[in-house]
>>> print(open('final33.json').read())   # JSON, C-alpha atoms
[["chain", "number", "residue", "atom", "x", "y", "z"],
["D", 9, "MET", "CA", 80.34, 67.03, 60.68],
["D", 10, "LYS", "CA", 82.84, 67.07, 63.54],
["D", 11, "TYR", "CA", 84.84, 70.31, 63.47],
["D", 12, "PHE", "CA", 87.00, 69.77, 66.56],
["D", 13, "PRO", "CA", 89.80, 67.83, 64.75],
["D", 14, "ILE", "CA", 89.78, 70.45, 61.99],
["D", 15, "LYS", "CA", 90.31, 73.23, 64.53],
["D", 16, "ILE", "CA", 93.34, 71.39, 65.87],
["D", 17, "TYR", "CA", 94.84, 71.13, 62.38],
["D", 18, "ILE", "CA", 94.18, 74.81, 61.66],
["D", 19, "THR", "CA", 95.73, 75.88, 64.97],
["D", 20, "PHE", "CA", 98.81, 73.78, 64.30],
["D", 21, "TYR", "CA", 99.08, 75.13, 60.76],
["D", 22, "LEU", "CA", 98.91, 78.77, 61.83],
["D", 23, "ALA", "CA", 101.29, 78.25, 64.74],
["D", 24, "ILE", "CA", 104.15, 77.22, 62.46],
["D", 25, "PHE", "CA", 103.20, 79.25, 59.39],
["D", 26, "SER", "CA", 105.81, 81.97, 59.97],
["D", 27, "SER", "CA", 108.83, 79.67, 59.68],
["D", 28, "PHE", "CA", 110.47, 79.39, 56.27],
["D", 29, "SER", "CA", 113.84, 78.92, 54.53],
["D", 30, "LEU", "CA", 115.15, 80.69, 51.42],
["D", 31, "ALA", "CA", 118.04, 78.32, 50.87],
["D", 32, "ASN", "CA", 118.43, 76.66, 47.48],
["D", 33, "SER", "CA", 117.48, 72.98, 47.33],
["D", 34, "THR", "CA", 116.82, 70.24, 44.79],
["D", 35, "HIS", "CA", 114.52, 67.25, 44.73],
["D", 36, "GLN", "CA", 113.63, 64.48, 42.29],
["D", 37, "PHE", "CA", 110.64, 62.90, 44.02],
["D", 38, "SER", "CA", 107.46, 64.27, 45.61],
["D", 39, "VAL", "CA", 104.88, 62.51, 47.75],
["D", 40, "ASN", "CA", 101.59, 64.08, 48.87],
["D", 41, "PHE", "CA", 98.93, 62.85, 51.28],
["D", 42, "SER", "CA", 95.64, 64.66, 51.91],
["D", 43, "LYS", "CA", 92.33, 64.32, 53.69],
["D", 44, "ASN", "CA", 89.14, 66.27, 53.01],
["D", 45, "TRP", "CA", 86.20, 66.73, 55.35],
["D", 46, "ILE", "CA", 83.04, 67.37, 53.30],
["D", 47, "GLU", "CA", 79.73, 68.56, 54.74],
["D", 48, "TYR", "CA", 76.56, 68.23, 52.69],
["D", 49, "ILE", "CA", 73.07, 69.54, 53.44],
["D", 50, "GLU", "CA", 72.45, 66.05, 54.79],
["D", 51, "GLY", "CA", 75.37, 63.84, 55.68],
["D", 52, "ASP", "CA", 79.15, 64.02, 55.68],
["D", 53, "ALA", "CA", 81.94, 62.58, 53.57],
["D", 54, "SER", "CA", 85.64, 61.93, 53.99],
["D", 55, "SER", "CA", 88.10, 61.76, 51.12],
["D", 56, "TYR", "CA", 91.66, 60.44, 51.16],
["D", 57, "TYR", "CA", 94.20, 61.12, 48.43],
["D", 58, "MET", "CA", 97.78, 60.02, 47.76],
["D", 59, "ASN", "CA", 100.09, 61.11, 44.93],
["D", 60, "ALA", "CA", 103.70, 60.21, 44.10],
["D", 61, "THR", "CA", 105.73, 61.98, 41.40],
["D", 62, "ALA", "CA", 109.16, 61.18, 39.99],
["D", 63, "TYR", "CA", 110.99, 63.88, 38.01],
["D", 64, "PHE", "CA", 113.27, 62.86, 35.16],
["D", 65, "THR", "CA", 115.87, 65.46, 36.23],
["D", 66, "PRO", "CA", 116.33, 67.16, 39.61],
["D", 67, "VAL", "CA", 114.12, 70.18, 40.31],
["D", 68, "LYS", "CA", 116.03, 73.12, 41.76],
["D", 69, "LYS", "CA", 114.03, 75.36, 44.07],
["D", 70, "SER", "CA", 115.29, 78.93, 44.48],
["D", 71, "ALA", "CA", 114.03, 82.50, 44.86],
["D", 72, "THR", "CA", 113.69, 82.88, 41.08],
["D", 73, "LEU", "CA", 110.43, 80.86, 40.88],
["D", 74, "PRO", "CA", 107.63, 79.88, 43.27],
["D", 75, "TYR", "CA", 108.43, 76.50, 44.79],
["D", 76, "ALA", "CA", 105.02, 75.06, 43.90],
["D", 77, "ARG", "CA", 105.44, 75.87, 40.19],
["D", 78, "THR", "CA", 109.16, 75.39, 39.65],
["D", 79, "ALA", "CA", 108.81, 72.05, 37.86],
["D", 80, "PHE", "CA", 106.29, 73.43, 35.34],
["D", 81, "TYR", "CA", 108.08, 76.68, 34.46],
["D", 82, "SER", "CA", 111.52, 75.04, 34.45],
["D", 83, "ARG", "CA", 110.11, 72.50, 31.96],
["D", 84, "THR", "CA", 110.95, 69.39, 33.98],
["D", 85, "SER", "CA", 109.41, 66.12, 32.81],
["D", 86, "SER", "CA", 107.78, 63.79, 35.32],
["D", 87, "ALA", "CA", 105.60, 60.71, 35.88],
["D", 88, "SER", "CA", 102.93, 60.42, 38.57],
["D", 89, "VAL", "CA", 100.59, 57.89, 40.15],
["D", 90, "SER", "CA", 97.71, 58.67, 42.49],
["D", 91, "ALA", "CA", 94.84, 57.04, 44.37],
["D", 92, "ASN", "CA", 91.67, 58.49, 45.90],
["D", 93, "LYS", "CA", 88.95, 57.05, 48.14],
["D", 94, "THR", "CA", 85.78, 58.85, 49.20],
["D", 95, "LYS", "CA", 83.08, 57.66, 51.60],
["D", 96, "TRP", "CA", 79.70, 59.36, 52.20],
["D", 97, "ASP", "CA", 77.66, 58.69, 55.37],
["D", 98, "ASP", "CA", 74.19, 59.59, 56.70],
["D", 99, "LEU", "CA", 73.00, 61.00, 53.37],
["D", 100, "SER", "CA", 69.25, 60.26, 53.66],
["D", 101, "SER", "CA", 68.83, 61.41, 50.05],
["D", 102, "VAL", "CA", 65.95, 60.21, 47.88],
["D", 103, "VAL", "CA", 67.14, 58.57, 44.66],
["D", 104, "GLY", "CA", 64.28, 57.25, 42.56],
["D", 105, "VAL", "CA", 62.03, 55.38, 45.00],
["D", 106, "ARG", "CA", 64.77, 54.56, 47.53],
["D", 107, "VAL", "CA", 66.61, 56.46, 50.25],
["D", 108, "LEU", "CA", 70.35, 56.58, 49.75],
["D", 109, "GLN", "CA", 72.25, 56.21, 53.05],
["D", 110, "LYS", "CA", 75.92, 55.64, 52.18],
["D", 111, "MET", "CA", 78.26, 55.61, 49.19],
["D", 112, "GLU", "CA", 81.87, 54.65, 48.61],
["D", 113, "THR", "CA", 84.06, 55.20, 45.56],
["D", 114, "LYS", "CA", 87.68, 54.73, 44.57],
["D", 115, "ASN", "CA", 89.74, 55.89, 41.60],
["D", 116, "TYR", "CA", 93.32, 55.68, 40.45],
["D", 117, "SER", "CA", 95.38, 57.52, 37.87],
["D", 118, "ILE", "CA", 98.74, 57.55, 36.12],
["D", 119, "SER", "CA", 100.09, 60.54, 34.22],
["D", 120, "THR", "CA", 103.18, 61.91, 32.51],
["D", 121, "PHE", "CA", 104.32, 65.48, 31.88],
["D", 122, "LEU", "CA", 106.81, 65.75, 29.01],
["D", 123, "ALA", "CA", 108.86, 68.89, 28.43],
["D", 124, "HIS", "CA", 112.44, 69.98, 27.73],
["D", 125, "LYS", "CA", 114.23, 73.17, 28.74],
["D", 126, "ASP", "CA", 115.36, 73.79, 25.13],
["D", 127, "LEU", "CA", 111.98, 73.16, 23.50],
["D", 128, "PRO", "CA", 108.83, 75.33, 23.69],
["D", 129, "ILE", "CA", 106.38, 72.41, 23.38],
["D", 130, "TRP", "CA", 105.05, 70.31, 26.26],
["D", 131, "SER", "CA", 102.48, 67.53, 26.61],
["D", 132, "GLN", "CA", 100.59, 65.79, 29.39],
["D", 133, "LEU", "CA", 98.93, 62.37, 29.24],
["D", 134, "ARG", "CA", 96.72, 60.94, 31.96],
["D", 135, "TYR", "CA", 94.70, 57.77, 32.41],
["D", 136, "ARG", "CA", 92.12, 57.63, 35.21],
["D", 137, "TYR", "CA", 90.55, 54.35, 36.32],
["D", 138, "LEU", "CA", 87.20, 54.81, 38.06],
["D", 139, "ASP", "CA", 86.56, 51.83, 40.31],
["D", 140, "ASN", "CA", 83.13, 50.56, 41.34],
["D", 141, "THR", "CA", 80.91, 53.01, 43.21],
["D", 142, "SER", "CA", 78.92, 51.23, 45.91],
["D", 143, "ALA", "CA", 75.61, 52.79, 47.03],
["D", 144, "TYR", "CA", 73.78, 51.54, 50.15],
["D", 145, "PHE", "CA", 70.06, 52.18, 50.64],
["D", 146, "SER", "CA", 67.80, 52.24, 53.67],
["D", 147, "ASN", "CA", 65.92, 49.10, 52.58],
["D", 148, "ASP", "CA", 69.15, 47.06, 52.87],
["D", 149, "THR", "CA", 69.74, 47.02, 49.12],
["D", 150, "LYS", "CA", 73.02, 47.86, 47.42],
["D", 151, "SER", "CA", 73.87, 49.12, 43.95],
["D", 152, "VAL", "CA", 77.30, 48.83, 42.37],
["D", 153, "SER", "CA", 78.18, 50.83, 39.28],
["D", 154, "ASP", "CA", 80.38, 49.58, 36.48],
["D", 155, "THR", "CA", 84.03, 50.53, 36.37],
["D", 156, "ASP", "CA", 85.02, 53.18, 33.87],
["D", 157, "SER", "CA", 88.05, 55.12, 32.68],
["D", 158, "ILE", "CA", 88.91, 58.62, 31.51],
["D", 159, "LYS", "CA", 91.70, 59.46, 29.08],
["D", 160, "ASP", "CA", 93.13, 62.99, 29.09],
["D", 161, "ILE", "CA", 95.65, 64.62, 26.80],
["D", 162, "ALA", "CA", 96.99, 68.17, 26.79],
["D", 163, "LEU", "CA", 99.36, 69.79, 24.29],
["D", 164, "GLY", "CA", 100.91, 73.13, 25.16],
["D", 165, "VAL", "CA", 103.50, 75.66, 24.10],
["D", 166, "TYR", "CA", 105.63, 78.08, 26.11],
["D", 167, "LEU", "CA", 105.26, 81.40, 24.29],
["D", 168, "LEU", "CA", 107.59, 82.96, 26.86],
["D", 169, "ASP", "CA", 109.49, 81.58, 29.84],
["D", 170, "HIS", "CA", 106.54, 82.33, 32.12],
["D", 171, "LEU", "CA", 103.63, 82.13, 29.65],
["D", 172, "SER", "CA", 102.03, 78.92, 28.39],
["D", 173, "ILE", "CA", 98.89, 78.12, 26.39],
["D", 174, "ASN", "CA", 97.47, 74.67, 25.74],
["D", 175, "GLY", "CA", 94.63, 72.70, 24.26],
["D", 176, "PHE", "CA", 93.23, 69.62, 25.97],
["D", 177, "PHE", "CA", 90.93, 66.70, 25.23],
["D", 178, "SER", "CA", 89.21, 64.28, 27.60],
["D", 179, "LYS", "CA", 87.20, 61.16, 26.77],
["D", 180, "GLN", "CA", 84.94, 59.10, 28.98],
["D", 181, "GLU", "CA", 81.59, 58.16, 27.47],
["D", 182, "ASP", "CA", 81.50, 61.72, 26.16],
["D", 183, "LYS", "CA", 84.22, 63.98, 24.81],
["D", 184, "THR", "CA", 85.47, 67.26, 26.24],
["D", 185, "TYR", "CA", 87.52, 69.87, 24.36],
["D", 186, "GLY", "CA", 89.14, 72.89, 25.95],
["D", 187, "ILE", "CA", 91.87, 75.51, 26.03],
["D", 188, "GLY", "CA", 93.98, 76.77, 28.92],
["D", 189, "LEU", "CA", 96.47, 79.50, 29.79],
["D", 190, "SER", "CA", 99.06, 79.90, 32.57],
["D", 191, "LYS", "CA", 100.91, 83.17, 33.14],
["D", 192, "LEU", "CA", 103.36, 83.98, 35.94],
["D", 193, "PHE", "CA", 104.15, 87.64, 36.71],
["D", 194, "ASN", "CA", 107.32, 88.55, 38.60],
["D", 195, "ILE", "CA", 106.53, 91.68, 40.65],
["D", 196, "GLY", "CA", 109.98, 92.10, 42.14],
["D", 197, "ASN", "CA", 110.18, 92.60, 45.89],
["D", 198, "PHE", "CA", 106.45, 91.85, 46.16],
["D", 199, "GLY", "CA", 106.81, 88.27, 44.90],
["D", 200, "PHE", "CA", 104.83, 86.63, 42.09],
["D", 201, "ILE", "CA", 101.26, 86.52, 40.77],
["D", 202, "GLU", "CA", 100.02, 83.65, 38.65],
["D", 203, "THR", "CA", 96.85, 83.42, 36.58],
["D", 204, "ASN", "CA", 95.39, 80.12, 35.35],
["D", 205, "LEU", "CA", 92.44, 80.12, 32.95],
["D", 206, "SER", "CA", 90.59, 77.35, 31.14],
["D", 207, "TYR", "CA", 87.44, 76.91, 29.07],
["D", 208, "ALA", "CA", 85.95, 73.56, 28.01],
["D", 209, "ILE", "CA", 82.85, 72.22, 26.26],
["D", 210, "THR", "CA", 81.28, 68.78, 26.80],
["D", 211, "ARG", "CA", 78.37, 67.41, 24.80],
["D", 212, "ARG", "CA", 76.60, 64.49, 26.45],
["D", 213, "ASP", "CA", 74.18, 62.06, 24.81],
["D", 214, "LYS", "CA", 71.02, 60.89, 26.52],
["D", 215, "ILE", "CA", 71.67, 57.98, 28.92],
["D", 216, "GLU", "CA", 68.78, 55.65, 29.70],
["D", 217, "THR", "CA", 68.21, 54.11, 33.12],
["D", 218, "ASN", "CA", 69.35, 50.49, 33.22],
["D", 219, "ILE", "CA", 69.36, 48.45, 36.45],
["D", 220, "THR", "CA", 70.19, 44.74, 36.33],
["D", 221, "ASN", "CA", 70.26, 42.50, 39.42],
["D", 222, "ASN", "CA", 70.12, 45.55, 41.64],
["D", 223, "VAL", "CA", 73.20, 47.01, 39.92],
["D", 224, "VAL", "CA", 72.96, 50.51, 38.47],
["D", 225, "ARG", "CA", 74.30, 50.35, 34.92],
["D", 226, "ASN", "CA", 73.21, 53.81, 33.77],
["D", 227, "LEU", "CA", 71.24, 56.78, 35.04],
["D", 228, "ASP", "CA", 68.41, 58.48, 33.18],
["D", 229, "ILE", "CA", 70.06, 61.70, 32.01],
["D", 230, "GLU", "CA", 68.80, 63.86, 29.17],
["D", 231, "ALA", "CA", 71.18, 64.88, 26.39],
["D", 232, "ARG", "CA", 72.87, 68.15, 27.30],
["D", 233, "SER", "CA", 75.77, 70.45, 26.60],
["D", 234, "GLU", "CA", 78.11, 71.79, 29.29],
["D", 235, "LYS", "CA", 80.42, 74.81, 29.28],
["D", 236, "ASN", "CA", 83.10, 74.78, 31.95],
["D", 237, "ARG", "CA", 84.90, 78.01, 32.92],
["D", 238, "TYR", "CA", 87.76, 78.06, 35.44],
["D", 239, "LEU", "CA", 89.86, 80.87, 36.89],
["D", 240, "ARG", "CA", 92.59, 80.69, 39.55],
["D", 241, "ILE", "CA", 94.66, 83.62, 40.81],
["D", 242, "SER", "CA", 97.62, 82.83, 43.06],
["D", 243, "TYR", "CA", 99.85, 85.23, 44.96],
["D", 244, "TYR", "CA", 103.33, 84.24, 46.16],
["D", 245, "PRO", "CA", 104.66, 86.83, 48.64],
["D", 246, "ILE", "CA", 107.74, 84.61, 48.95],
["D", 247, "PRO", "CA", 108.66, 81.57, 46.83],
["D", 248, "GLN", "CA", 107.60, 79.17, 49.60],
["D", 249, "THR", "CA", 104.07, 80.49, 50.12],
["D", 250, "ARG", "CA", 101.05, 80.44, 47.81],
["D", 251, "LEU", "CA", 97.71, 82.13, 48.48],
["D", 252, "SER", "CA", 95.05, 81.15, 45.93],
["D", 253, "LEU", "CA", 91.48, 82.01, 45.02],
["D", 254, "ALA", "CA", 89.67, 79.95, 42.39],
["D", 255, "TYR", "CA", 86.23, 79.94, 40.79],
["D", 256, "GLN", "CA", 84.69, 77.33, 38.50],
["D", 257, "GLN", "CA", 81.31, 77.50, 36.78],
["D", 258, "ILE", "CA", 79.63, 74.80, 34.70],
["D", 259, "ASP", "CA", 76.70, 76.03, 32.61],
["D", 260, "TYR", "CA", 74.10, 73.59, 31.25],
["D", 261, "ASP", "CA", 71.86, 74.22, 28.27],
["D", 262, "GLN", "CA", 68.78, 73.00, 30.18],
["D", 263, "TYR", "CA", 66.74, 75.51, 32.17],
["D", 264, "ASP", "CA", 69.78, 77.76, 32.66],
["D", 265, "TRP", "CA", 71.02, 75.47, 35.43],
["D", 266, "LYS", "CA", 74.61, 75.64, 36.56],
["D", 267, "ASP", "CA", 77.15, 74.33, 39.05],
["D", 268, "SER", "CA", 79.57, 76.77, 40.64],
["D", 269, "TYR", "CA", 82.53, 76.22, 42.92],
["D", 270, "SER", "CA", 84.55, 78.72, 44.97],
["D", 271, "GLU", "CA", 87.87, 77.78, 46.54],
["D", 272, "ALA", "CA", 90.46, 79.45, 48.79],
["D", 273, "SER", "CA", 93.74, 77.77, 49.70],
["D", 274, "ILE", "CA", 97.11, 78.43, 51.27],
["D", 275, "GLN", "CA", 100.29, 76.42, 50.76],
["D", 276, "HIS", "CA", 103.58, 76.85, 52.59],
["D", 277, "TYR", "CA", 107.01, 75.16, 52.59],
["D", 278, "PHE", "CA", 108.25, 74.95, 56.18],
["D", 279, "THR", "CA", 111.58, 73.39, 55.23],
["D", 280, "LYS", "CA", 113.36, 72.43, 52.01],
["D", 281, "MET", "CA", 111.39, 69.17, 52.02],
["D", 282, "LEU", "CA", 108.13, 69.67, 53.92],
["D", 283, "HIS", "CA", 105.07, 71.63, 52.83],
["D", 284, "THR", "CA", 101.36, 71.65, 53.68],
["D", 285, "THR", "CA", 98.21, 72.99, 52.05],
["D", 286, "LEU", "CA", 94.97, 74.08, 53.69],
["D", 287, "SER", "CA", 91.94, 74.59, 51.43],
["D", 288, "TYR", "CA", 88.25, 75.45, 51.61],
["D", 289, "THR", "CA", 85.75, 74.79, 48.81],
["D", 290, "HIS", "CA", 82.06, 75.68, 48.58],
["D", 291, "LYS", "CA", 79.69, 74.30, 45.96],
["D", 292, "GLU", "CA", 77.00, 76.91, 45.50],
["D", 293, "ALA", "CA", 74.43, 75.18, 43.28],
["D", 294, "TYR", "CA", 73.79, 71.94, 41.48],
["D", 295, "PHE", "CA", 72.27, 70.47, 38.35],
["D", 296, "PHE", "CA", 72.38, 66.67, 38.38],
["D", 297, "ASP", "CA", 73.75, 65.85, 41.82],
["D", 298, "TYR", "CA", 71.41, 64.49, 44.48],
["D", 299, "LEU", "CA", 74.04, 65.28, 47.12],
["D", 300, "GLY", "CA", 73.43, 69.00, 46.62],
["D", 301, "GLU", "CA", 75.53, 71.83, 48.00],
["D", 302, "TYR", "CA", 78.57, 71.18, 50.17],
["D", 303, "ASN", "CA", 81.50, 72.67, 52.05],
["D", 304, "ASP", "CA", 84.90, 70.98, 51.80],
["D", 305, "ILE", "CA", 87.90, 71.54, 54.09],
["D", 306, "GLY", "CA", 91.11, 69.86, 52.99],
["D", 307, "LEU", "CA", 94.53, 69.45, 54.56],
["D", 308, "SER", "CA", 97.52, 67.94, 52.78],
["D", 309, "LEU", "CA", 101.11, 67.14, 53.61],
["D", 310, "GLY", "CA", 103.82, 67.03, 50.94],
["D", 311, "ILE", "CA", 107.41, 65.81, 51.03],
["D", 312, "ASP", "CA", 110.06, 66.60, 48.38],
["D", 313, "PHE", "CA", 113.27, 64.58, 48.37]]
>>> encode(input="final33.json", output="structure tokens")
Amino acid sequence: MKYFPIKIYITFYLAIFSSFSLANSTHQFSVNFSKNWIEYIEGDASSYYMNATAYFTPVKKSATLPYARTAFYSRTSSASVSANKTKWDDLSSVVGVRVLQKMETKNYSISTFLAHKDLPIWSQLRYRYLDNTSAYFSNDTKSVSDTDSIKDIALGVYLLDHLSINGFFSKQEDKTYGIGLSKLFNIGNFGFIETNLSYAITRRDKIETNITNNVVRNLDIEARSEKNRYLRISYYPIPQTRLSLAYQQIDYDQYDWKDSYSEASIQHYFTKMLHTTLSYTHKEAYFFDYLGEYNDIGLSLGIDF
């Protein structure tokens, strides 16, 4: 992994971090672009992401709420589209009887968040289209997976202005059920603290291996149950700046295996329109993932207008 470009981005980010504006502003559209540099035990990956959001009514940013969470806590409806592309290189990972060298995947999504300032109920619908995943092996063979889709739905209620609970459901080949909570604490002159919690259960059936014409249709995975726990704590010293720590753990019912992810990120609005986010993620262990542990550094640029 080449760290020199990352150092340039970090230096630039820190050099302008101290500038901010407390002036009120409104926006009705948001666009975000991001790139992630991912380092595995063997091999590197790059991921590119784009998201565009249109709000049904203007979002007013002020000192009364963190900028990053104003739309959610002000109950502003929106619609979003996004696209992601990830490419892995120099993997040299053994998969079955072949050595995996490269992979490439794409996915797209469309979602809506529906809420109203006079109603306590909100909902979120999302459809994710998973495009073909292409895998390239050292013996000059190639495998292409089938396309797939994921449907997500969440139903929530605002118990208080700054407290929300929700239930969610996700369906791919298997079904996931979960609950979530978001709570924002106003600590006066010291800013805000937000806590996000979620817990989900997925039960997966056994999937047999099926390869036709050198195309991977399914992978040989034993039936299993997964429990997914997630916690994020964010501190906003001023409305424009967010400092976050997050931890996610996925427990499997086979051999006490688990996946765990730790993340630290910082987001800052430099002007009324422009903001950036710098993040670091570490995957500490793995269950069914031949790519193993990794470190992920991400940088994103957002524009509100």
>>> closest_residue(input="final33.json", among="D:Tyr288, D:Ala71, D:Asn194, D:Leu133", to="Ser119 of chain D", atoms="all atoms listed in the file")
D:Leu133
>>> closest_residue(input="final33.json", among="D:Ser190, D:Ser86, D:Gln275, D:Ser268", to="Phe64 of chain D", atoms="all atoms listed in the file")
D:Ser86
>>> atom_distance(input="final33.json", atom1="atom CA of Lys93 of chain D", atom2="atom CA of Ile258 of chain D")
24.1 Å
>>> closest_residue(input="final33.json", among="D:Trp45, D:Phe278, D:Phe37, D:Tyr166", to="Asn59 of chain D", atoms="all atoms listed in the file")
D:Phe37
>>> residues_around(input="final33.json", residues="segment 239-242 of chain D", least_positions_apart="6", cutoff="9 Å", atoms="only C-alpha atoms", output="MDAnalysis selection string")
chainID D and resid 200:206 250:256 271
>>> closest_residue(input="final33.json", among="D:Leu192, D:Val39, D:Ala208, D:Leu99", to="Thr78 of chain D", atoms="all atoms listed in the file")
D:Leu192
>>> closest_residue(input="final33.json", among="D:Thr72, D:Ser131, D:Gln262, D:Ser308", to="Phe176 of chain D", atoms="only C-alpha atoms")
D:Ser131
>>> closest_residue(input="final33.json", among="D:Ala76, D:Leu189, D:Ile311, D:Ala53", to="His170 of chain D", atoms="only C-alpha atoms")
D:Leu189
>>> residues_around(input="final33.json", residues="His35 of chain D", least_positions_apart="2", cutoff="7 Å", atoms="all atoms listed in the file", output="PyMOL selection string")
chain D and resi 33+37+66-68+312-313
>>> write_last_selection(input="final33.json", atoms="C-alpha atoms", output="compact mmCIF listing (two decimals), in the frame of the given file")
# COMPACT_ATOMS: atom_id res chain seq x y z
CA SER D 33 117.48 72.98 47.33
CA PHE D 37 110.64 62.90 44.02
CA PRO D 66 116.33 67.16 39.61
CA VAL D 67 114.12 70.18 40.31
CA LYS D 68 116.03 73.12 41.76
CA ASP D 312 110.06 66.60 48.38
CA PHE D 313 113.27 64.58 48.37
>>> residues_around(input="final33.json", residues="Thr285 of chain D", least_positions_apart="5", cutoff="8 Å", atoms="only C-alpha atoms", output="PyMOL selection string")
chain D and resi 273-276+306-309
>>> atom_distance(input="final33.json", atom1="atom CA of Glu234 of chain D", atom2="atom CA of Gly175 of chain D")
17.3 Å
>>> residues_around(input="final33.json", residues="Leu127 of chain D", least_positions_apart="2", cutoff="12 Å", atoms="all atoms listed in the file", output="list in words")
Ser82, Arg83, Thr84, Ser85, Leu122, Ala123, His124, Lys125, Ile129, Trp130, Ser131, Gly164, Val165, Tyr166, Leu167, Leu168 and Asp169 of chain D
>>> axis_aligned_box(input="final33.json", around="segment 267-279 of chain D", padding_each_side="8 Å", output="JSON")
{"center_x": 94.4, "center_y": 76.4, "center_z": 47.6, "size_x": 50.4, "size_y": 22.1, "size_z": 33.1}
>>> atom_distance(input="final33.json", atom1="atom CA of Ile195 of chain D", atom2="atom CA of Arg77 of chain D")
15.9 Å
>>> residues_around(input="final33.json", residues="Thr289 of chain D", least_positions_apart="5", cutoff="6 Å", atoms="all atoms listed in the file", output="count of residues only")
4
>>> closest_atom_pairs(input="final33.json", of="segment 74-95 of chain D", to="segment 106-112 of chain D", cutoff="12 Å", atoms="all atoms listed in the file", output="JSON lines")
{"residue": "D:Asn92", "atom": "CA", "partner": "D:Glu112", "partner_atom": "CA", "distance": 10.9}
{"residue": "D:Lys93", "atom": "CA", "partner": "D:Glu112", "partner_atom": "CA", "distance": 7.5}
{"residue": "D:Thr94", "atom": "CA", "partner": "D:Glu112", "partner_atom": "CA", "distance": 5.8}
{"residue": "D:Lys95", "atom": "CA", "partner": "D:Glu112", "partner_atom": "CA", "distance": 4.4}
